[in-house]
>>> print(open('query.cif').read())   # mmCIF, C-alpha atoms, pLDDT in the B column; chains and numbers go by the auth columns
data_structure
loop_
_atom_site.group_PDB
_atom_site.id
_atom_site.type_symbol
_atom_site.label_atom_id
_atom_site.label_comp_id
_atom_site.label_asym_id
_atom_site.label_seq_id
_atom_site.Cartn_x
_atom_site.Cartn_y
_atom_site.Cartn_z
_atom_site.B_iso_or_equiv
_atom_site.auth_seq_id
_atom_site.auth_asym_id
ATOM 1 C CA MET A 1 171.740 144.265 -63.449 77.00 400 A
ATOM 2 C CA ILE A 2 175.377 144.852 -62.507 82.00 401 A
ATOM 3 C CA SER A 3 176.503 148.464 -62.793 85.00 402 A
ATOM 4 C CA ARG A 4 179.097 149.470 -65.349 82.00 403 A
ATOM 5 C CA PHE A 5 181.382 150.584 -62.497 87.00 404 A
ATOM 6 C CA LYS A 6 181.268 147.078 -60.952 89.00 405 A
ATOM 7 C CA ILE A 7 182.091 145.505 -64.318 86.00 406 A
ATOM 8 C CA VAL A 8 185.030 147.889 -64.803 86.00 407 A
ATOM 9 C CA GLN A 9 186.204 147.062 -61.274 90.00 408 A
ATOM 10 C CA LEU A 10 185.872 143.293 -61.886 88.00 409 A
ATOM 11 C CA HIS A 11 187.658 143.649 -65.236 89.00 410 A
ATOM 12 C CA MET A 12 190.555 145.533 -63.632 92.00 411 A
ATOM 13 C CA LEU A 13 190.983 143.160 -60.673 93.00 412 A
ATOM 14 C CA LEU A 14 190.653 140.018 -62.776 91.00 413 A
ATOM 15 C CA SER A 15 193.178 141.343 -65.314 91.00 414 A
ATOM 16 C CA SER A 16 195.636 142.092 -62.538 93.00 415 A
ATOM 17 C CA PHE A 17 195.117 138.664 -60.962 92.00 416 A
ATOM 18 C CA VAL A 18 195.684 136.545 -64.090 92.00 417 A
ATOM 19 C CA LEU A 19 198.451 138.718 -65.585 92.00 418 A
ATOM 20 C CA PRO A 20 201.407 136.697 -64.143 92.00 419 A
ATOM 21 C CA ALA A 21 200.052 133.358 -65.413 89.00 420 A
ATOM 22 C CA VAL A 22 199.112 134.822 -68.793 90.00 421 A
ATOM 23 C CA LEU A 23 202.585 136.382 -69.182 91.00 422 A
ATOM 24 C CA LEU A 24 204.146 132.982 -68.469 89.00 423 A
ATOM 25 C CA PHE A 25 202.186 131.455 -71.353 88.00 424 A
ATOM 26 C CA ILE A 26 202.707 134.432 -73.687 90.00 425 A
ATOM 27 C CA VAL A 27 206.491 134.495 -73.203 90.00 426 A
ATOM 28 C CA SER A 28 206.918 130.706 -73.314 89.00 427 A
ATOM 29 C CA GLY A 29 204.669 130.453 -76.377 88.00 428 A
ATOM 30 C CA ALA A 30 206.638 133.132 -78.192 90.00 429 A
ATOM 31 C CA LEU A 31 209.948 131.458 -77.335 90.00 430 A
ATOM 32 C CA TYR A 32 208.598 128.058 -78.384 87.00 431 A
ATOM 33 C CA THR A 33 207.389 129.521 -81.683 90.00 432 A
ATOM 34 C CA LEU A 34 210.877 130.959 -82.264 92.00 433 A
ATOM 35 C CA GLY A 35 212.451 127.536 -81.619 90.00 434 A
ATOM 36 C CA VAL A 36 213.974 128.439 -78.232 89.00 435 A
ATOM 37 C CA LYS A 37 213.509 125.373 -76.053 86.00 436 A
ATOM 38 C CA GLY A 38 216.212 125.419 -73.382 89.00 437 A
ATOM 39 C CA SER A 39 218.721 122.713 -72.577 93.00 438 A
ATOM 40 C CA VAL A 40 218.925 119.405 -70.774 95.00 439 A
ATOM 41 C CA ALA A 41 222.016 117.990 -69.044 96.00 440 A
ATOM 42 C CA LYS A 42 221.922 114.229 -69.657 97.00 441 A
ATOM 43 C CA GLN A 43 223.836 111.399 -68.012 96.00 442 A
ATOM 44 C CA THR A 44 223.474 107.718 -68.862 96.00 443 A
ATOM 45 C CA PHE A 45 224.490 104.776 -66.695 92.00 444 A
ATOM 46 C CA THR A 46 224.344 101.004 -66.999 93.00 445 A
ATOM 47 C CA VAL A 47 223.229 99.631 -63.650 92.00 446 A
ATOM 48 C CA ALA A 48 223.932 96.017 -62.702 92.00 447 A
ATOM 49 C CA LEU A 49 221.074 94.157 -61.020 91.00 448 A
ATOM 50 C CA GLU A 50 221.379 91.585 -58.226 89.00 449 A
ATOM 51 C CA LYS A 51 218.755 89.368 -59.903 88.00 450 A
ATOM 52 C CA PRO A 52 217.479 89.239 -63.479 90.00 451 A
ATOM 53 C CA PHE A 53 215.035 92.065 -64.196 89.00 452 A
ATOM 54 C CA ALA A 54 211.391 91.383 -63.454 87.00 453 A
ATOM 55 C CA PRO A 55 208.708 94.090 -63.851 89.00 454 A
ATOM 56 C CA ASN A 56 208.441 95.207 -60.214 90.00 455 A
ATOM 57 C CA LEU A 57 207.996 98.949 -59.635 92.00 456 A
ATOM 58 C CA GLU A 58 209.069 98.898 -55.973 93.00 457 A
ATOM 59 C CA LEU A 59 212.279 96.970 -56.625 90.00 458 A
ATOM 60 C CA LEU A 60 213.220 99.104 -59.626 91.00 459 A
ATOM 61 C CA THR A 61 212.485 102.315 -57.697 94.00 460 A
ATOM 62 C CA GLY A 62 214.832 101.086 -54.964 93.00 461 A
ATOM 63 C CA VAL A 63 217.584 100.382 -57.505 92.00 462 A
ATOM 64 C CA VAL A 64 217.131 103.823 -59.064 94.00 463 A
ATOM 65 C CA GLU A 65 217.125 105.593 -55.665 95.00 464 A
ATOM 66 C CA LYS A 66 220.322 103.808 -54.588 95.00 465 A
ATOM 67 C CA THR A 67 222.043 104.623 -57.892 95.00 466 A
ATOM 68 C CA LEU A 68 221.100 108.312 -57.719 96.00 467 A
ATOM 69 C CA VAL A 69 222.142 108.630 -54.062 96.00 468 A
ATOM 70 C CA ASP A 70 225.479 106.868 -54.792 95.00 469 A
ATOM 71 C CA LYS A 71 226.142 109.336 -57.633 95.00 470 A
ATOM 72 C CA ALA A 72 225.024 112.353 -55.508 96.00 471 A
ATOM 73 C CA LEU A 73 222.162 113.169 -57.892 96.00 472 A
ATOM 74 C CA VAL A 74 218.838 114.716 -56.853 95.00 473 A
ATOM 75 C CA LEU A 75 215.811 112.414 -56.699 95.00 474 A
ATOM 76 C CA PRO A 76 212.755 113.615 -58.661 94.00 475 A
ATOM 77 C CA ASP A 77 209.666 114.621 -56.660 89.00 476 A
ATOM 78 C CA GLY A 78 207.083 112.907 -58.855 86.00 477 A
ATOM 79 C CA ASP A 79 205.704 109.391 -58.682 91.00 478 A
ATOM 80 C CA PRO A 80 207.602 106.646 -60.511 95.00 479 A
ATOM 81 C CA SER A 81 205.818 104.499 -63.077 93.00 480 A
ATOM 82 C CA LEU A 82 206.622 101.322 -64.987 94.00 481 A
ATOM 83 C CA LYS A 83 205.014 100.531 -68.333 94.00 482 A
ATOM 84 C CA LYS A 84 205.409 97.810 -70.909 91.00 483 A
ATOM 85 C CA SER A 85 207.048 99.079 -74.096 87.00 484 A
ATOM 86 C CA LYS A 86 208.433 97.637 -77.319 83.00 485 A
ATOM 87 C CA GLY A 87 210.737 94.799 -76.416 80.00 486 A
ATOM 88 C CA GLY A 88 210.689 95.423 -72.655 88.00 487 A
ATOM 89 C CA TYR A 89 209.704 97.903 -69.999 91.00 488 A
ATOM 90 C CA LYS A 90 210.132 101.611 -69.456 93.00 489 A
ATOM 91 C CA PHE A 91 210.463 103.114 -65.988 94.00 490 A
ATOM 92 C CA ARG A 92 209.832 106.845 -65.674 95.00 491 A
ATOM 93 C CA TRP A 93 210.240 109.103 -62.666 94.00 492 A
ATOM 94 C CA ASP A 94 210.232 112.849 -63.119 92.00 493 A
ATOM 95 C CA ASP A 95 209.245 116.265 -61.954 89.00 494 A
ATOM 96 C CA LEU A 96 209.595 119.672 -63.552 89.00 495 A
ATOM 97 C CA ARG A 97 213.401 119.795 -63.210 93.00 496 A
ATOM 98 C CA TYR A 98 214.655 116.193 -63.019 94.00 497 A
ATOM 99 C CA SER A 99 213.822 113.111 -65.058 94.00 498 A
ATOM 100 C CA VAL A 100 214.905 109.491 -64.772 96.00 499 A
ATOM 101 C CA THR A 101 214.104 106.864 -67.374 95.00 500 A
ATOM 102 C CA VAL A 102 215.129 103.240 -67.281 93.00 501 A
ATOM 103 C CA VAL A 103 214.806 100.846 -70.180 91.00 502 A
ATOM 104 C CA ALA A 104 214.829 97.191 -69.200 87.00 503 A
ATOM 105 C CA LYS A 105 214.248 93.819 -70.786 86.00 504 A
ATOM 106 C CA LYS A 106 212.754 90.962 -68.825 83.00 505 A
ATOM 107 C CA GLY A 107 215.488 88.641 -67.554 84.00 506 A
ATOM 108 C CA SER A 108 218.289 91.147 -68.181 88.00 507 A
ATOM 109 C CA ARG A 109 221.072 91.451 -65.570 91.00 508 A
ATOM 110 C CA SER A 110 221.430 95.217 -66.116 91.00 509 A
ATOM 111 C CA VAL A 111 219.358 98.268 -67.028 92.00 510 A
ATOM 112 C CA ASP A 112 220.149 101.506 -68.833 92.00 511 A
ATOM 113 C CA LEU A 113 219.370 104.527 -66.646 95.00 512 A
ATOM 114 C CA THR A 114 219.181 108.034 -68.119 96.00 513 A
ATOM 115 C CA TYR A 115 219.193 111.029 -65.764 97.00 514 A
ATOM 116 C CA ARG A 116 218.199 114.459 -67.054 97.00 515 A
ATOM 117 C CA GLU A 117 218.353 117.871 -65.410 97.00 516 A
ATOM 118 C CA ARG A 118 216.376 120.537 -67.249 95.00 517 A
ATOM 119 C CA SER A 119 217.367 124.203 -67.463 94.00 518 A
ATOM 120 C CA VAL A 120 214.961 126.843 -66.154 92.00 519 A
ATOM 121 C CA LEU A 121 213.963 127.693 -69.723 91.00 520 A
ATOM 122 C CA THR A 122 213.223 124.040 -70.474 91.00 521 A
ATOM 123 C CA GLN A 123 211.093 123.871 -67.325 90.00 522 A
ATOM 124 C CA VAL A 124 209.088 126.897 -68.516 88.00 523 A
ATOM 125 C CA MET A 125 208.564 125.246 -71.891 88.00 524 A
ATOM 126 C CA ARG A 126 207.250 122.093 -70.158 86.00 525 A
ATOM 127 C CA ILE A 127 204.726 124.285 -68.347 85.00 526 A
ATOM 128 C CA HIS A 128 203.621 125.716 -71.683 84.00 527 A
ATOM 129 C CA ARG A 129 203.159 122.233 -73.176 83.00 528 A
ATOM 130 C CA ALA A 130 201.171 121.024 -70.115 82.00 529 A
ATOM 131 C CA GLU A 131 203.908 118.572 -69.130 82.00 530 A
ATOM 132 C CA ALA A 132 204.558 120.012 -65.681 79.00 531 A
ATOM 133 C CA GLY A 133 202.029 118.281 -63.482 76.00 532 A
ATOM 134 C CA THR A 134 198.671 118.985 -61.906 80.00 533 A
ATOM 135 C CA ARG A 135 199.617 122.202 -60.100 82.00 534 A
ATOM 136 C CA PHE A 136 200.571 123.904 -63.340 84.00 535 A
ATOM 137 C CA LYS A 137 197.503 122.556 -65.127 86.00 536 A
ATOM 138 C CA PHE A 138 195.504 124.413 -62.484 87.00 537 A
ATOM 139 C CA VAL A 139 197.486 127.599 -63.278 86.00 538 A
ATOM 140 C CA SER A 140 196.776 127.219 -66.999 88.00 539 A
ATOM 141 C CA ILE A 141 193.052 126.612 -66.411 90.00 540 A
ATOM 142 C CA MET A 142 192.997 129.653 -64.107 89.00 541 A
ATOM 143 C CA ALA A 143 194.675 131.743 -66.824 89.00 542 A
ATOM 144 C CA VAL A 144 192.218 130.581 -69.501 91.00 543 A
ATOM 145 C CA ALA A 145 189.168 131.165 -67.307 92.00 544 A
ATOM 146 C CA GLY A 146 190.500 134.566 -66.271 92.00 545 A
ATOM 147 C CA LEU A 147 191.198 135.577 -69.865 92.00 546 A
ATOM 148 C CA LEU A 148 187.728 134.534 -70.957 93.00 547 A
ATOM 149 C CA LEU A 149 186.178 136.618 -68.181 92.00 548 A
ATOM 150 C CA VAL A 150 188.452 139.586 -68.959 92.00 549 A
ATOM 151 C CA PHE A 151 187.477 139.420 -72.646 91.00 550 A
ATOM 152 C CA ALA A 152 183.801 138.993 -71.793 91.00 551 A
ATOM 153 C CA SER A 153 183.799 141.980 -69.435 90.00 552 A
ATOM 154 C CA GLY A 154 185.833 144.044 -71.901 90.00 553 A
ATOM 155 C CA LEU A 155 183.471 143.240 -74.751 91.00 554 A
ATOM 156 C CA TYR A 156 180.471 143.967 -72.552 89.00 555 A
ATOM 157 C CA MET A 157 181.887 147.407 -71.772 88.00 556 A
ATOM 158 C CA ALA A 158 182.850 148.024 -75.403 90.00 557 A
ATOM 159 C CA TYR A 159 179.450 147.063 -76.787 90.00 558 A
ATOM 160 C CA THR A 160 177.297 148.756 -74.134 88.00 559 A
ATOM 161 C CA VAL A 161 178.968 152.176 -74.216 87.00 560 A
ATOM 162 C CA PRO A 162 177.444 153.944 -77.246 90.00 561 A
ATOM 163 C CA LYS A 163 180.664 155.860 -77.967 92.00 562 A
ATOM 164 C CA PHE A 164 182.676 152.607 -78.276 91.00 563 A
ATOM 165 C CA ARG A 165 180.055 150.297 -79.803 93.00 564 A
ATOM 166 C CA LYS A 166 180.675 150.996 -83.514 95.00 565 A
ATOM 167 C CA PRO A 167 184.537 150.983 -83.362 94.00 566 A
ATOM 168 C CA SER A 168 184.398 147.796 -81.251 93.00 567 A
ATOM 169 C CA LEU A 169 182.098 146.051 -83.715 94.00 568 A
ATOM 170 C CA ILE A 170 184.364 147.096 -86.604 95.00 569 A
ATOM 171 C CA ALA A 171 187.449 145.818 -84.732 95.00 570 A
ATOM 172 C CA THR A 172 185.712 142.495 -83.986 94.00 571 A
ATOM 173 C CA GLY A 173 184.662 142.159 -87.627 95.00 572 A
ATOM 174 C CA LEU A 174 188.218 142.847 -88.841 96.00 573 A
ATOM 175 C CA GLY A 175 189.556 140.313 -86.364 95.00 574 A
ATOM 176 C CA ILE A 176 187.145 137.679 -87.669 95.00 575 A
ATOM 177 C CA LEU A 177 188.003 138.461 -91.314 96.00 576 A
ATOM 178 C CA ILE A 178 191.763 138.259 -90.711 96.00 577 A
ATOM 179 C CA LEU A 179 191.381 134.988 -88.808 95.00 578 A
ATOM 180 C CA LEU A 180 189.273 133.516 -91.621 96.00 579 A
ATOM 181 C CA ALA A 181 191.770 134.735 -94.245 95.00 580 A
ATOM 182 C CA VAL A 182 194.646 133.056 -92.407 94.00 581 A
ATOM 183 C CA VAL A 183 192.735 129.816 -91.808 94.00 582 A
ATOM 184 C CA VAL A 184 191.412 129.540 -95.380 92.00 583 A
ATOM 185 C CA ALA A 185 194.657 130.540 -97.120 83.00 584 A
#
>>> encode(input="query.cif", output="structure tokens")
Amino acid sequence: MISRFKIVQLHMLLSSFVLPAVLLFIVSGALYTLGVKGSVAKQTFTVALEKPFAPNLELLTGVVEKTLVDKALVLPDGDPSLKKSKGGYKFRWDDLRYSVTVVAKKGSRSVDLTYRERSVLTQVMRIHRAEAGTRFKFVSIMAVAGLLLVFASGLYMAYTVPKFRKPSLIATGLGILILLAVVVA
């Protein structure tokens, strides 16, 4: 069996390790709950095509790259995608900060390109909503796993130390009752 000292040590180190990621989700969740979502600078362009539009990801990516470079705008880091949508096609290319969408209809001689640059706060909110890519999904999974282990080790300590067992059980019971009251009401 693991000694109480080792569990306290694990609890302390794990808490310290996951604290930055957990704070990110706590702060962004609180801001999101309060309706604070950040801002997005948006520019829209109509881009003429050399040939009528045909659903070709490589060609459309080239058109978008040239347009952004000509307008001195930053290219997103993510991978572009092209999907069929109502009445046409939707091209999407984004990363945490920049987003490009293009709406096109087959055979059209032009496309509508929308370029967005997100504020830092908006980027944080995208992280909170799991819209920030694989790297940040790893951070959120790490935070969840860390929190579960921190709670498990904390509860283990609370329930195995005779002095803390009864108050801990009462606190857990009250927590369950309040949660049930909120859910049922």
>>> resolve_selection(input="query.cif", expression="the PyMOL selection byres ((chain A and resi 538) around 12)", output="list in words")
Phe416, Val417, Leu418, Pro419, Ala420, Val421, Leu422, Leu423, Phe424, Ile526, His527, Ala529, Ala531, Gly532, Thr533, Arg534, Phe535, Lys536, Phe537, Ser539, Ile540, Met541, Ala542, Val543, Ala544 and Gly545 of chain A
>>> write_last_selection(input="query.cif", atoms="C-alpha atoms", output="CSV table (one decimal), keeping the file's coordinate frame")
chain,number,residue,atom,x,y,z
A,416,PHE,CA,195.1,138.7,-61.0
A,417,VAL,CA,195.7,136.5,-64.1
A,418,LEU,CA,198.5,138.7,-65.6
A,419,PRO,CA,201.4,136.7,-64.1
A,420,ALA,CA,200.1,133.4,-65.4
A,421,VAL,CA,199.1,134.8,-68.8
A,422,LEU,CA,202.6,136.4,-69.2
A,423,LEU,CA,204.1,133.0,-68.5
A,424,PHE,CA,202.2,131.5,-71.4
A,526,ILE,CA,204.7,124.3,-68.3
A,527,HIS,CA,203.6,125.7,-71.7
A,529,ALA,CA,201.2,121.0,-70.1
A,531,ALA,CA,204.6,120.0,-65.7
A,532,GLY,CA,202.0,118.3,-63.5
A,533,THR,CA,198.7,119.0,-61.9
A,534,ARG,CA,199.6,122.2,-60.1
A,535,PHE,CA,200.6,123.9,-63.3
A,536,LYS,CA,197.5,122.6,-65.1
A,537,PHE,CA,195.5,124.4,-62.5
A,539,SER,CA,196.8,127.2,-67.0
A,540,ILE,CA,193.1,126.6,-66.4
A,541,MET,CA,193.0,129.7,-64.1
A,542,ALA,CA,194.7,131.7,-66.8
A,543,VAL,CA,192.2,130.6,-69.5
A,544,ALA,CA,189.2,131.2,-67.3
A,545,GLY,CA,190.5,134.6,-66.3
>>> resolve_selection(input="query.cif", expression="the PyMOL selection byres ((chain A and resi 441-454) around 10)", output="MDAnalysis selection string")
chainID A and resid 438:440 455:459 462:463 466 481:483 487:490 498:501 503:517
>>> write_last_selection(input="query.cif", atoms="C-alpha atoms", output="mmCIF file, in the coordinates of the input")
data_model
loop_
_atom_site.group_PDB
_atom_site.id
_atom_site.type_symbol
_atom_site.label_atom_id
_atom_site.label_comp_id
_atom_site.auth_asym_id
_atom_site.auth_seq_id
_atom_site.Cartn_x
_atom_site.Cartn_y
_atom_site.Cartn_z
ATOM 1 C CA SER A 438 218.721 122.713 -72.577
ATOM 2 C CA VAL A 439 218.925 119.405 -70.774
ATOM 3 C CA ALA A 440 222.016 117.990 -69.044
ATOM 4 C CA ASN A 455 208.441 95.207 -60.214
ATOM 5 C CA LEU A 456 207.996 98.949 -59.635
ATOM 6 C CA GLU A 457 209.069 98.898 -55.973
ATOM 7 C CA LEU A 458 212.279 96.970 -56.625
ATOM 8 C CA LEU A 459 213.220 99.104 -59.626
ATOM 9 C CA VAL A 462 217.584 100.382 -57.505
ATOM 10 C CA VAL A 463 217.131 103.823 -59.064
ATOM 11 C CA THR A 466 222.043 104.623 -57.892
ATOM 12 C CA LEU A 481 206.622 101.322 -64.987
ATOM 13 C CA LYS A 482 205.014 100.531 -68.333
ATOM 14 C CA LYS A 483 205.409 97.810 -70.909
ATOM 15 C CA GLY A 487 210.689 95.423 -72.655
ATOM 16 C CA TYR A 488 209.704 97.903 -69.999
ATOM 17 C CA LYS A 489 210.132 101.611 -69.456
ATOM 18 C CA PHE A 490 210.463 103.114 -65.988
ATOM 19 C CA SER A 498 213.822 113.111 -65.058
ATOM 20 C CA VAL A 499 214.905 109.491 -64.772
ATOM 21 C CA THR A 500 214.104 106.864 -67.374
ATOM 22 C CA VAL A 501 215.129 103.240 -67.281
ATOM 23 C CA ALA A 503 214.829 97.191 -69.200
ATOM 24 C CA LYS A 504 214.248 93.819 -70.786
ATOM 25 C CA LYS A 505 212.754 90.962 -68.825
ATOM 26 C CA GLY A 506 215.488 88.641 -67.554
ATOM 27 C CA SER A 507 218.289 91.147 -68.181
ATOM 28 C CA ARG A 508 221.072 91.451 -65.570
ATOM 29 C CA SER A 509 221.430 95.217 -66.116
ATOM 30 C CA VAL A 510 219.358 98.268 -67.028
ATOM 31 C CA ASP A 511 220.149 101.506 -68.833
ATOM 32 C CA LEU A 512 219.370 104.527 -66.646
ATOM 33 C CA THR A 513 219.181 108.034 -68.119
ATOM 34 C CA TYR A 514 219.193 111.029 -65.764
ATOM 35 C CA ARG A 515 218.199 114.459 -67.054
ATOM 36 C CA GLU A 516 218.353 117.871 -65.410
ATOM 37 C CA ARG A 517 216.376 120.537 -67.249
#
>>> axis_aligned_box(input="query.cif", around="segment 569-584 of chain A", padding_each_side="5 Å", output="lines of an AutoDock Vina configuration file")
center_x = 189.5
center_y = 138.3
center_z = -90.6
size_x = 20.3
size_y = 27.6
size_z = 23.1
>>> closest_residue(input="query.cif", among="A:Ser567, A:Gln522, A:Thr460, A:Ser414", to="Ser427 of chain A", atoms="all atoms listed in the file")
A:Gln522
>>> atom_distance(input="query.cif", atom1="atom CA of Arg491 of chain A", atom2="atom CA of Arg528 of chain A")
18.4 Å
>>> atom_distance(input="query.cif", atom1="atom CA of Val407 of chain A", atom2="atom CA of Lys562 of chain A")
16.0 Å
>>> atom_distance(input="query.cif", atom1="atom CA of Ile406 of chain A", atom2="atom CA of Ala551 of chain A")
10.1 Å
>>> closest_residue(input="query.cif", among="A:Ile577, A:Leu409, A:Leu472, A:Val502", to="Lys485 of chain A", atoms="all atoms listed in the file")
A:Val502
>>> resolve_selection(input="query.cif", expression="the PyMOL selection byres ((chain A and resi 436) around 8)", output="ChimeraX atom specification")
/A:430-431,434-435,437-438,520-521,524
>>> closest_residue(input="query.cif", among="A:Leu433, A:Val426, A:Leu474, A:Met556", to="His410 of chain A", atoms="all atoms listed in the file")
A:Met556
